[in-house]
Each structure stands twice: as structure tokens, then as C-alpha cells.
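Q: Sharing entry-v6.txt here; it has compact mmCIF, C-alpha atoms.
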```txt
# COMPACT_ATOMS: atom_id res chain seq x y z
CA MET B 1 0.73 10.58 30.37
CA LYS B 2 -2.84 11.51 31.21
CA VAL B 3 -2.29 15.27 31.55
CA GLU B 4 -0.05 15.54 28.49
CA PHE B 5 -2.50 13.49 26.44
CA ARG B 6 -5.38 15.74 27.47
CA ILE B 7 -3.49 18.97 26.75
CA TYR B 8 -2.50 17.89 23.25
CA LEU B 9 -5.91 16.38 22.51
CA GLY B 10 -7.59 19.56 23.75
CA ILE B 11 -5.51 21.70 21.43
CA GLY B 12 -6.15 19.35 18.51
CA LEU B 13 -9.90 19.09 18.93
CA PHE B 14 -10.35 22.82 19.60
CA VAL B 15 -8.44 23.76 16.46
CA LEU B 16 -10.40 21.14 14.51
CA VAL B 17 -13.63 22.90 15.51
CA ILE B 18 -12.10 26.24 14.51
CA THR B 19 -11.01 24.76 11.17
CA THR B 20 -14.56 23.64 10.40
CA ILE B 21 -15.96 27.06 11.27
CA TYR B 22 -13.26 28.76 9.20
CA LEU B 23 -13.80 26.51 6.22
CA PHE B 24 -17.52 27.21 6.07
CA TRP B 25 -17.24 30.89 6.95
CA ALA B 26 -14.26 32.13 4.97
CA ARG B 27 -14.28 29.38 2.31
CA GLU B 28 -10.56 29.92 1.89
CA TYR B 29 -8.28 26.94 1.48
CA GLY B 30 -4.88 28.36 2.41
CA GLY B 31 -5.77 29.23 5.96
CA ALA B 32 -7.90 26.12 6.30
CA THR B 33 -4.87 23.99 5.40
CA MET B 34 -2.73 25.66 8.04
CA LEU B 35 -5.47 25.29 10.64
CA PHE B 36 -5.87 21.65 9.73
CA GLY B 37 -2.10 21.22 10.16
CA THR B 38 -2.39 22.85 13.58
CA ALA B 39 -5.09 20.36 14.50
CA GLY B 40 -2.71 17.63 13.42
CA LEU B 41 -0.01 19.24 15.58
CA GLY B 42 -2.23 18.55 18.58
CA ILE B 43 -3.70 15.23 17.58
CA MET B 44 -0.48 13.48 16.49
CA PRO B 45 1.28 13.63 19.89
CA ALA B 46 -2.09 13.04 21.57
CA LEU B 47 -2.46 9.74 19.72
CA TYR B 48 1.05 8.71 20.67
CA MET B 49 0.69 9.64 24.32
CA GLY B 50 -2.81 8.19 24.45
CA TRP B 51 -1.47 4.89 23.15
CA TRP B 52 1.23 4.87 25.83
CA ARG B 53 -1.16 6.04 28.56
CA LYS B 54 -2.97 2.73 28.52
CA ARG B 55 0.18 0.64 28.45
CA MET B 56 2.67 2.32 30.73
CA ASP B 57 3.19 1.99 34.45
CA PRO B 58 1.62 4.90 36.29
CA ARG B 59 4.04 7.66 37.15
CA PRO B 60 3.87 9.87 40.27
CA GLU B 61 2.78 12.69 37.92
CA ASP B 62 -0.33 10.74 36.97
CA SER B 63 -1.80 10.16 40.43
CA LYS B 64 -3.61 12.79 42.46
CA ASP B 65 -2.21 11.81 45.85
CA ALA B 66 1.46 11.56 44.90
CA THR B 67 4.09 13.01 47.20
CA ILE B 68 7.19 14.91 46.25
CA ALA B 69 9.33 12.15 47.69
CA GLU B 70 7.99 9.68 45.13
CA SER B 71 9.52 11.45 42.16
CA GLN B 72 12.90 12.17 43.70
CA GLY B 73 16.07 10.87 42.19
CA THR B 74 17.56 10.91 38.73
CA ILE B 75 15.18 12.24 36.10
CA GLY B 76 17.34 11.45 33.12
CA THR B 77 20.53 12.27 31.31
CA PHE B 78 20.60 15.44 29.29
CA PRO B 79 23.33 16.84 27.07
CA GLY B 80 25.66 19.47 28.49
CA HIS B 81 26.56 22.80 26.91
CA THR B 82 27.59 22.39 23.31
CA ILE B 83 28.57 24.47 20.27
CA TRP B 84 27.13 22.12 17.67
CA PRO B 85 23.56 23.44 17.46
CA PHE B 86 25.07 26.81 16.56
CA VAL B 87 27.20 25.23 13.83
CA LEU B 88 24.09 23.39 12.62
CA GLY B 89 22.24 26.69 12.48
CA MET B 90 25.06 28.28 10.49
CA GLY B 91 24.93 25.33 8.10
CA VAL B 92 21.20 25.79 7.57
CA PHE B 93 21.79 29.55 7.15
CA PHE B 94 24.39 29.08 4.40
CA SER B 95 22.32 26.37 2.75
CA ALA B 96 19.33 28.71 2.59
CA LEU B 97 21.56 31.50 1.24
CA SER B 98 22.38 29.26 -1.70
CA LEU B 99 18.89 29.99 -3.04
CA ALA B 100 20.03 33.58 -3.50
CA PHE B 101 23.75 33.30 -4.18
CA GLY B 102 24.02 30.06 -6.10
CA ALA B 103 25.03 26.47 -5.59
CA TRP B 104 28.55 27.20 -4.38
CA THR B 105 27.11 28.48 -1.10
CA LEU B 106 25.49 25.09 -0.67
CA VAL B 107 28.94 23.52 -0.54
CA ILE B 108 29.82 25.59 2.53
CA GLY B 109 26.40 25.06 4.09
CA GLY B 110 26.34 21.34 3.38
CA ALA B 111 29.81 20.84 4.80
CA LEU B 112 28.86 22.70 7.99
CA LEU B 113 25.65 20.67 8.25
CA ILE B 114 27.35 17.29 7.93
CA PHE B 115 30.13 18.37 10.27
CA ALA B 116 27.65 19.56 12.91
CA ALA B 117 25.28 16.58 12.57
CA THR B 118 28.12 14.09 12.99
CA SER B 119 29.67 15.95 15.90
CA VAL B 120 26.46 16.47 17.84
CA VAL B 121 25.74 12.74 17.65
CA LEU B 122 29.27 11.75 18.63
CA GLU B 123 29.38 14.26 21.48
CA SER B 124 26.33 12.79 23.16
CA ARG B 125 27.75 9.32 22.70
CA ARG B 126 31.23 9.96 24.03
CA GLY B 127 30.42 12.73 26.46
CA GLY B 128 32.44 15.87 26.87
CA LEU B 129 33.57 18.19 24.13
CA VAL B 130 34.13 16.80 20.67
CA MET H 1 13.87 2.59 32.03
CA SER H 2 13.40 -1.02 32.87
CA GLN H 3 12.74 -3.51 30.17
CA THR H 4 12.44 -7.22 29.79
CA ILE H 5 15.80 -8.38 28.53
CA ALA H 6 15.64 -10.84 25.66
CA THR H 7 17.54 -14.04 26.33
CA ARG H 8 20.78 -14.22 24.50
CA SER H 9 20.92 -17.97 24.12
CA GLY H 10 19.13 -19.47 21.14
CA ALA H 11 15.40 -18.73 21.12
CA GLU H 12 15.09 -14.93 21.28
CA SER H 13 11.33 -14.94 20.95
CA GLU H 14 10.65 -12.53 23.84
CA PRO H 15 10.39 -9.05 22.29
CA ILE H 16 11.87 -6.13 24.20
CA ARG H 17 8.98 -4.07 25.48
CA PHE H 18 9.33 -0.87 27.46
CA ASN H 19 6.99 0.01 30.28
CA ARG H 20 7.12 3.72 29.50
CA PRO H 21 7.72 5.74 26.33
CA SER H 22 11.30 6.73 25.67
CA MET H 23 12.21 10.40 25.95
CA LEU H 24 13.48 10.21 22.39
CA GLY H 25 10.15 8.85 21.18
CA ILE H 26 8.13 11.62 22.83
CA GLY H 27 10.53 14.26 21.56
CA THR H 28 10.43 12.86 18.04
CA MET H 29 6.63 12.85 18.03
CA VAL H 30 6.45 16.48 19.19
CA TRP H 31 9.08 17.49 16.63
CA LEU H 32 7.22 15.64 13.86
CA SER H 33 4.10 17.64 14.66
CA SER H 34 6.16 20.80 14.12
CA GLU H 35 7.36 19.36 10.82
CA LEU H 36 3.69 18.81 9.97
CA MET H 37 3.24 22.57 10.45
CA PHE H 38 6.21 23.19 8.16
CA PHE H 39 4.65 21.18 5.35
CA SER H 40 1.22 22.68 6.09
CA GLY H 41 2.70 26.07 5.27
CA LEU H 42 3.82 24.79 1.88
CA PHE H 43 0.43 23.24 1.18
CA ALA H 44 -1.28 26.47 2.24
CA ALA H 45 0.95 28.41 -0.18
CA TYR H 46 -0.05 25.97 -2.92
CA PHE H 47 -3.77 26.37 -2.30
CA THR H 48 -3.48 30.16 -1.99
CA LEU H 49 -1.56 30.51 -5.25
CA ARG H 50 -3.95 28.14 -6.95
CA SER H 51 -7.03 30.10 -5.86
CA ASN H 52 -5.40 33.41 -6.90
CA ALA H 53 -4.43 32.17 -10.37
CA THR H 54 -6.21 33.99 -13.19
CA GLY H 55 -5.75 31.47 -15.99
CA PRO H 56 -6.16 27.68 -16.02
CA TRP H 57 -4.53 25.64 -13.27
CA PRO H 58 -1.99 24.24 -13.75
CA PRO H 59 -0.77 26.91 -16.16
CA GLY H 60 -0.11 25.90 -19.74
CA GLY H 61 2.81 23.65 -20.46
CA ILE H 62 2.71 21.71 -17.19
CA LYS H 63 2.78 17.99 -17.83
CA LEU H 64 3.68 15.62 -15.03
CA ASP H 65 4.38 11.91 -15.33
CA VAL H 66 1.74 10.57 -12.97
CA ILE H 67 2.42 6.87 -13.61
CA GLN H 68 6.17 7.01 -13.01
CA SER H 69 5.78 9.01 -9.83
CA GLY H 70 2.99 6.65 -8.82
CA ILE H 71 5.33 3.67 -9.10
CA PHE H 72 7.90 5.37 -6.92
CA THR H 73 5.20 6.40 -4.47
CA ILE H 74 4.44 2.70 -4.05
CA ILE H 75 8.16 2.02 -3.59
CA LEU H 76 8.32 4.65 -0.84
CA VAL H 77 5.29 3.12 0.86
CA MET H 78 6.96 -0.28 0.69
CA SER H 79 10.09 1.24 2.24
CA SER H 80 7.94 2.22 5.21
CA VAL H 81 6.89 -1.42 5.50
CA THR H 82 10.50 -2.59 5.42
CA MET H 83 11.45 0.03 8.02
CA GLN H 84 8.71 -1.24 10.32
CA LYS H 85 9.96 -4.78 9.76
CA ALA H 86 13.43 -3.59 10.79
CA VAL H 87 11.97 -2.19 14.04
CA PHE H 88 10.23 -5.52 14.64
CA GLU H 89 13.46 -7.42 14.12
CA ALA H 90 15.36 -5.10 16.46
CA GLU H 91 12.71 -5.46 19.16
CA HIS H 92 13.15 -9.22 18.98
CA GLY H 93 16.90 -8.91 19.36
CA ARG H 94 17.78 -9.90 15.81
CA ARG H 95 20.09 -6.97 15.07
CA LYS H 96 21.76 -8.39 11.98
CA SER H 97 18.37 -9.00 10.39
CA ALA H 98 17.30 -5.45 11.36
CA ILE H 99 20.41 -4.04 9.67
CA TRP H 100 19.55 -5.82 6.42
CA TRP H 101 15.98 -4.54 6.50
CA ILE H 102 17.31 -0.99 7.01
CA VAL H 103 19.68 -1.49 4.07
CA LEU H 104 16.65 -2.47 1.97
CA THR H 105 14.84 0.65 3.19
CA ILE H 106 17.80 2.82 2.24
CA THR H 107 17.89 1.22 -1.22
CA MET H 108 14.23 1.91 -1.82
CA GLY H 109 14.44 5.44 -0.43
CA GLY H 110 17.53 6.10 -2.52
CA SER H 111 15.74 4.94 -5.67
CA PHE H 112 12.90 7.32 -4.83
CA VAL H 113 15.36 10.23 -4.55
CA ALA H 114 16.98 9.15 -7.82
CA ASN H 115 13.60 9.22 -9.54
CA GLN H 116 12.98 12.71 -8.15
CA VAL H 117 16.26 13.89 -9.67
CA VAL H 118 15.39 12.25 -13.01
CA GLU H 119 11.96 13.90 -12.98
CA TRP H 120 13.44 17.28 -12.13
CA THR H 121 15.80 17.16 -15.09
CA HIS H 122 13.19 15.82 -17.54
CA VAL H 123 10.28 18.05 -16.69
CA ALA H 124 9.46 20.75 -19.24
CA PHE H 125 9.12 23.68 -16.85
CA SER H 126 11.48 25.29 -14.35
CA ALA H 127 11.07 26.93 -10.98
CA SER H 128 10.90 30.34 -12.62
CA THR H 129 8.34 29.49 -15.32
CA ASN H 130 5.20 30.07 -13.29
CA SER H 131 3.83 29.72 -9.77
CA PHE H 132 3.04 26.02 -10.17
CA GLY H 133 6.61 25.44 -11.33
CA SER H 134 8.17 27.16 -8.33
CA LEU H 135 5.79 25.42 -5.93
CA PHE H 136 6.49 22.04 -7.53
CA PHE H 137 10.24 22.40 -7.15
CA VAL H 138 10.11 23.88 -3.64
CA MET H 139 7.68 21.28 -2.28
CA THR H 140 9.24 18.21 -3.86
CA GLY H 141 12.72 19.59 -3.18
CA LEU H 142 12.13 20.14 0.52
CA HIS H 143 10.47 16.76 0.81
CA GLY H 144 13.38 15.16 -1.02
CA LEU H 145 15.74 16.87 1.41
CA HIS H 146 13.82 15.29 4.29
CA VAL H 147 14.12 11.89 2.61
CA ILE H 148 17.87 12.34 2.14
CA LEU H 149 18.33 13.36 5.77
CA GLY H 150 16.36 10.27 6.81
CA LEU H 151 18.63 8.08 4.69
CA VAL H 152 21.73 9.67 6.26
CA ALA H 153 20.26 9.01 9.72
CA MET H 154 19.65 5.38 8.74
CA ILE H 155 23.32 5.03 7.78
CA PHE H 156 24.29 6.31 11.23
CA LEU H 157 21.80 3.86 12.72
CA ILE H 158 23.34 0.92 10.89
CA GLY H 159 26.70 1.94 12.30
CA ARG H 160 25.22 1.93 15.79
CA LEU H 161 23.37 -1.37 15.40
CA ALA H 162 26.47 -3.05 14.03
CA GLY H 163 28.44 -2.01 17.10
CA ARG H 164 28.18 -3.30 20.66
CA THR H 165 25.40 -5.83 21.01
CA ASP H 166 24.52 -4.75 24.54
CA ASP H 167 23.67 -1.18 23.50
CA PRO H 168 20.23 -0.62 25.06
CA GLY H 169 19.78 2.86 23.63
CA ALA H 170 19.60 1.66 20.03
CA LEU H 171 15.98 0.52 20.28
CA PRO H 172 14.43 3.97 20.97
CA VAL H 173 16.60 5.34 18.15
CA ILE H 174 15.32 2.85 15.58
CA GLN H 175 11.74 3.36 16.77
CA SER H 176 12.02 7.14 16.50
CA LEU H 177 13.61 6.88 13.07
CA SER H 178 10.69 4.70 11.97
CA TYR H 179 8.27 7.41 13.18
CA TYR H 180 10.19 9.95 11.07
CA TRP H 181 10.21 7.67 8.03
CA HIS H 182 6.47 6.97 8.24
CA PHE H 183 5.86 10.71 8.53
CA VAL H 184 8.00 11.44 5.44
CA ASP H 185 6.07 8.73 3.59
CA ILE H 186 2.65 10.12 4.52
CA VAL H 187 3.74 13.66 3.57
CA TRP H 188 4.78 12.35 0.15
CA ILE H 189 1.40 10.66 -0.35
CA ALA H 190 -0.29 14.00 0.40
CA LEU H 191 2.17 15.81 -1.92
CA TYR H 192 1.58 13.28 -4.71
CA ALA H 193 -2.18 13.56 -4.34
CA VAL H 194 -2.12 17.38 -4.41
CA LEU H 195 0.56 18.00 -7.06
CA PHE H 196 0.03 15.07 -9.40
CA LEU H 197 -3.48 13.73 -9.00
CA THR H 198 -5.80 16.61 -8.17
CA HIS H 199 -3.92 19.54 -9.70
```
Go through the file and emit its structure as C-alpha cells.
A:
Amino acid sequence: MKVEFRIYLGIGLFVLVITTIYLFWAREYGGATMLFGTAGLGIMPALYMGWWRKRMDPRPEDSKDATIAESQGTIGTFPGHTIWPFVLGMGVFFSALSLAFGAWTLVIGGALLIFAATSVVLESRRGGLV
Amino acid sequence: MSQTIATRSGAESEPIRFNRPSMLGIGTMVWLSSELMFFSGLFAAYFTLRSNATGPWPPGGIKLDVIQSGIFTIILVMSSVTMQKAVFEAEHGRRKSAIWWIVLTITMGGSFVANQVVEWTHVAFSASTNSFGSLFFVMTGLHGLHVILGLVAMIFLIGRLAGRTDDPGALPVIQSLSYYWHFVDIVWIALYAVLFLTH
């Protein structure tokens, strides 16, 4: 976790410095808010990974003299190819369209959303195509 | 990932502790930081519109019920506490107790959403009245949508916790959902402070 923690913390602290400079130079709150959010984007995962860094067993990725053979084997299980993120995207698309076309579009979008959210969860549980 | 397995007979006092973060936990944290950017955009829009406004801010006719929203803010904060308690119970193997704490969290979150709906219908302005009006409805609406999605996810989680008792994957799921719920709670506190308290 050491490298990941440092990358995220580096981003967060750098943007925090930039936010301070921006706030005093431009004196404009809209951009300062976004920059502050960007600092949070770095610091939030950094805090999480930093917390785990002290508590977890060292991985091969964390030691300087690790060999390739140490990290061989199964990395993890990942989902296979699936249609449901596309259906989820279409659901979000139709839901956003409802702002322009009216609430009836939300019915289509909401139905697609619920359908996709349920199916993507079930597919990863049962495996294979749902 | 290896973990100490809690004993199933009687005294389940040994909490389940992982020796590395779950992939789901890391992914949730990174995604939540992108959600932070999403809400930062809305806050930036608010501050930009506020600084560009020619008249008084908020524009005339905007009256918000600070006390009522304050009460439901406290309820949402308490729902974060109950969610954390549910995680604690699940880590100690007491799944039935965890389910009841999640039910309590859903109740409190649902009452918060209900209050949002009541406020939306009772408030004197609409999204097309002025810039504060449209910002108010967009920001609280999108936040409310996040709360509703969190409640739906909790219902799925109850279904999973109530299933097989030897399901080891449920613990990262409840932990990640608690991260999401705490995030939603903190975003609401910021929203409440900006929209209701500071104007």
C-alpha cells in the first residue's frame, strides 16, 4: 500500500497547495471549491490506504527486493464480459432525458436502472450470463 | 484473503479482521472520491452563481425551514451511527443483529427522504423561479437520489446477510456500504451548511 498511499497523498497535498495559491490570487470561490474537491479526491483514498498500510501484511509489491515468482498465482476474481453496464448507462441516459422531456421518460429510465442494477449484482453472484 | 474465522459455538467475541484491504473497499474509496468531485461541481456552481448575483442573496421570496431540516440532519447523522453499529455487529458474527441495525438505518434514511419530499412540496419557490431555486432543487435532489440508491443497496444487503451464514463476501460489502453511507451523510452536512445556514 506504500506506493499507492504516496501517489494519492502526493496528488492531494499538491492540489491543496494549488488551492491555497488560487484562493489568495484569484479570490474566486467556484474554482477554489473544485480545487478543494480535487484535493479531497487525493486525500480520501490516501487516508484509507495509509490506515491499511500500517495494519496489513506486506505484499511483494511493497518490498524493494521482491521477485516475480513471489506474486505469481491467482490475483483475484473479476467479472467476465457483460451487457449490464450498457443497460445501466441507457437507464441513466433516459433518466437524465426526463429533465427535458418530462416525468414519463423517468419511468423508462428508472425501469432500466432497476433492471440493470439487479441483474449486474445477480450475474456476479451466480456467474455466467443472466 | 485469509481471515480469522469467528467461532460458531456460543461466544463469538473474536471479531473478523482482515489482514489486507478488500478489493471492494479500495474500489469504493476511489469511487467515493470521484463522487466527491461530482458534488464539488455542484458546490462550485452554487458559489459561482452566488458571486454573480446582482441583487440580494438569496433572492427575494426564499424562506427555508432551517429547524426542520436541522432535525432531519441529526436523524441522518444518527443513521450513520446505526450503520456503523451494523458493521460492528457483522464483524463479530452477529448477522441477525446486523440486519436489525440496517433496518433501523433504512428507517431513518427513509424518513430523511420523506422530509425532503415534504419540504419540496411546501417550499414557496420552484426550480424555475431564480438561480437559488434551481440550485436548491438540483443539489438536494441529486443528494436525495444518492440516499435512495443507498437505501436500495441496503435492502439488497439485508437479503444477502439473511442468506447463507457462511458467506464470507458479505463483510466487505457491508463495510463498503458503510463508507458510502458516511460519505452521503457528510455531503448532506456540507449541503445543509451551505444552503440553509450560510446562504
Q: So, with only C-alpha atoms as the atoms that count, which of B:Phe36, B:Phe115, B:Tyr22, B:Phe93 lies closest to chain H?
A: B:Phe36
Q: Which distance in Å separates atom CA of Ala114 of chain H and atom CA of Val87 of chain B, to one decimal?
A: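 Separation between atom CA of Ala114 of chain H and atom CA of Val87 of chain B: 28.8 Å.
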Q: Find the residues near segment 172-189 of chain H: any atom within 9 Å, counting all atoms listed in the file, skip ones fewer than 4 places away on the same chain, and give them as a ChimeraX atom specification.
A: /H:21-29,32,36,39,73,76-77,79-81,83-84,86-87,90,140,143,146-147,150,153-154,157,168,193-194
Q: Of the residues B:Ser124, B:Leu35, B:Met1, B:Ser98, which is the one nearest to Val17 of chain B, using all atoms listed in the file?
A: B:Leu35
Q: Please identify all residues of chain B having at least one atom at most 8 Å from any atom of chain H, considering all atoms listed in the file, and return them as a ChimeraX atom specification.
A: /B:29-34,37-38,40-42,44-45,48-49,52,55-57
Q: Here is a test: counting all atoms listed in the file, which residue of B:Leu23, B:Ala46, B:Leu88, B:Val107 is nearest to Val121 of chain B?
A: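 Once distances to Val121 of chain B are computed over all atoms listed in the file, the minimum belongs to B:Leu88.
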Q: Just checking: using only C-alpha atoms, which residue out of H:Val117, H:Ala53, H:Leu191, H:Leu149 ends up closest to Leu113 of chain B?
A: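 Residue with the minimum atom-to-atom distance to Leu113 of chain B: H:Leu149.
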Q: Report as number ranges by chain all protein, DNA and RNA residues lying within 12 Å of Arg164 of chain H, evaluated on only C-alpha atoms, omitting residues in the same chain fewer than 5 positions from it.
A: H: 95-96, 158-159, 169-170
Q: Emit the selected residues as a PDB file, in the frame of the given file, including C-alpha atoms.
A:
```pdb
ATOM      1  CA  ARG H  95      20.090  -6.970  15.070  1.00  0.00           C
ATOM      2  CA  LYS H  96      21.760  -8.390  11.980  1.00  0.00           C
ATOM      3  CA  ILE H 158      23.340   0.920  10.890  1.00  0.00           C
ATOM      4  CA  GLY H 159      26.700   1.940  12.300  1.00  0.00           C
ATOM      5  CA  GLY H 169      19.780   2.860  23.630  1.00  0.00           C
ATOM      6  CA  ALA H 170      19.600   1.660  20.030  1.00  0.00           C
TER       7      ALA H 170
END
```
Q: Determine the nearest neighbour of Trp84 of chain B from the options B:Ala39, B:Ala117, B:Ile18, B:Ala100, counting all atoms listed in the file.
A: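 Result for the nearest residue to Trp84 of chain B: B:Ala117.
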Q: To one decimal place in Å, what is the distance between atom CA of Thr54 of chain H and atom CA of Ser128 of chain H?
A: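 Atom CA of Thr54 of chain H sits 17.5 Å away from atom CA of Ser128 of chain H.
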Q: What separation in Å, quoted to one decimal, exists between atom CA of Phe78 of chain B and atom CA of Leu112 of chain B?
A: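 Straight-line distance from atom CA of Phe78 of chain B to atom CA of Leu112 of chain B works out to 24.0 Å.
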Q: Looking at H:Glu119, H:Ala124, H:Thr82, H:Gly144, which one is nearest to Leu104 of chain H, with distances taken over only C-alpha atoms?
A: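 Going through H:Glu119, H:Ala124, H:Thr82, H:Gly144 one by one, the smallest distance to Leu104 of chain H is for H:Thr82.
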Q: Using all atoms listed in the file, which residues sit within 10 Å of Ser71 of chain B once same-chain residues fewer than 3 positions away are excluded, as a PyMOL selection string?
A: chain B and resi 59-61+66-68+74-75
Q: Can you pull out the residues contacting Ile62 of chain H? Cut-off 8 Å, using only C-alpha atoms, and skip same-chain residues under 2 positions away; I want them as a PyMOL selection string.
A: chain H and resi 58-60+64+124-125+133
Q: Take the residues that were just selected and, keeping C-alpha atoms, output them as a PDB file, in the frame of the given file.
A:
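Just written: out_13.pdb:
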```pdb
ATOM      1  CA  PRO H  58      -1.990  24.240 -13.750  1.00  0.00           C
ATOM      2  CA  PRO H  59      -0.770  26.910 -16.160  1.00  0.00           C
ATOM      3  CA  GLY H  60      -0.110  25.900 -19.740  1.00  0.00           C
ATOM      4  CA  LEU H  64       3.680  15.620 -15.030  1.00  0.00           C
ATOM      5  CA  ALA H 124       9.460  20.750 -19.240  1.00  0.00           C
ATOM      6  CA  PHE H 125       9.120  23.680 -16.850  1.00  0.00           C
ATOM      7  CA  GLY H 133       6.610  25.440 -11.330  1.00  0.00           C
TER       8      GLY H 133
END
```
Q: Could you give me the axis-aligned bounding box of segment 84-92 of chain B, with 5 Å of padding per side, as centre plus edge lengths in Å to one decimal, as AutoDock Vina command-line options?
A:
```
--center_x 24.2 --center_y 25.2 --center_z 12.6 --size_x 16.0 --size_y 16.2 --size_z 20.1
```
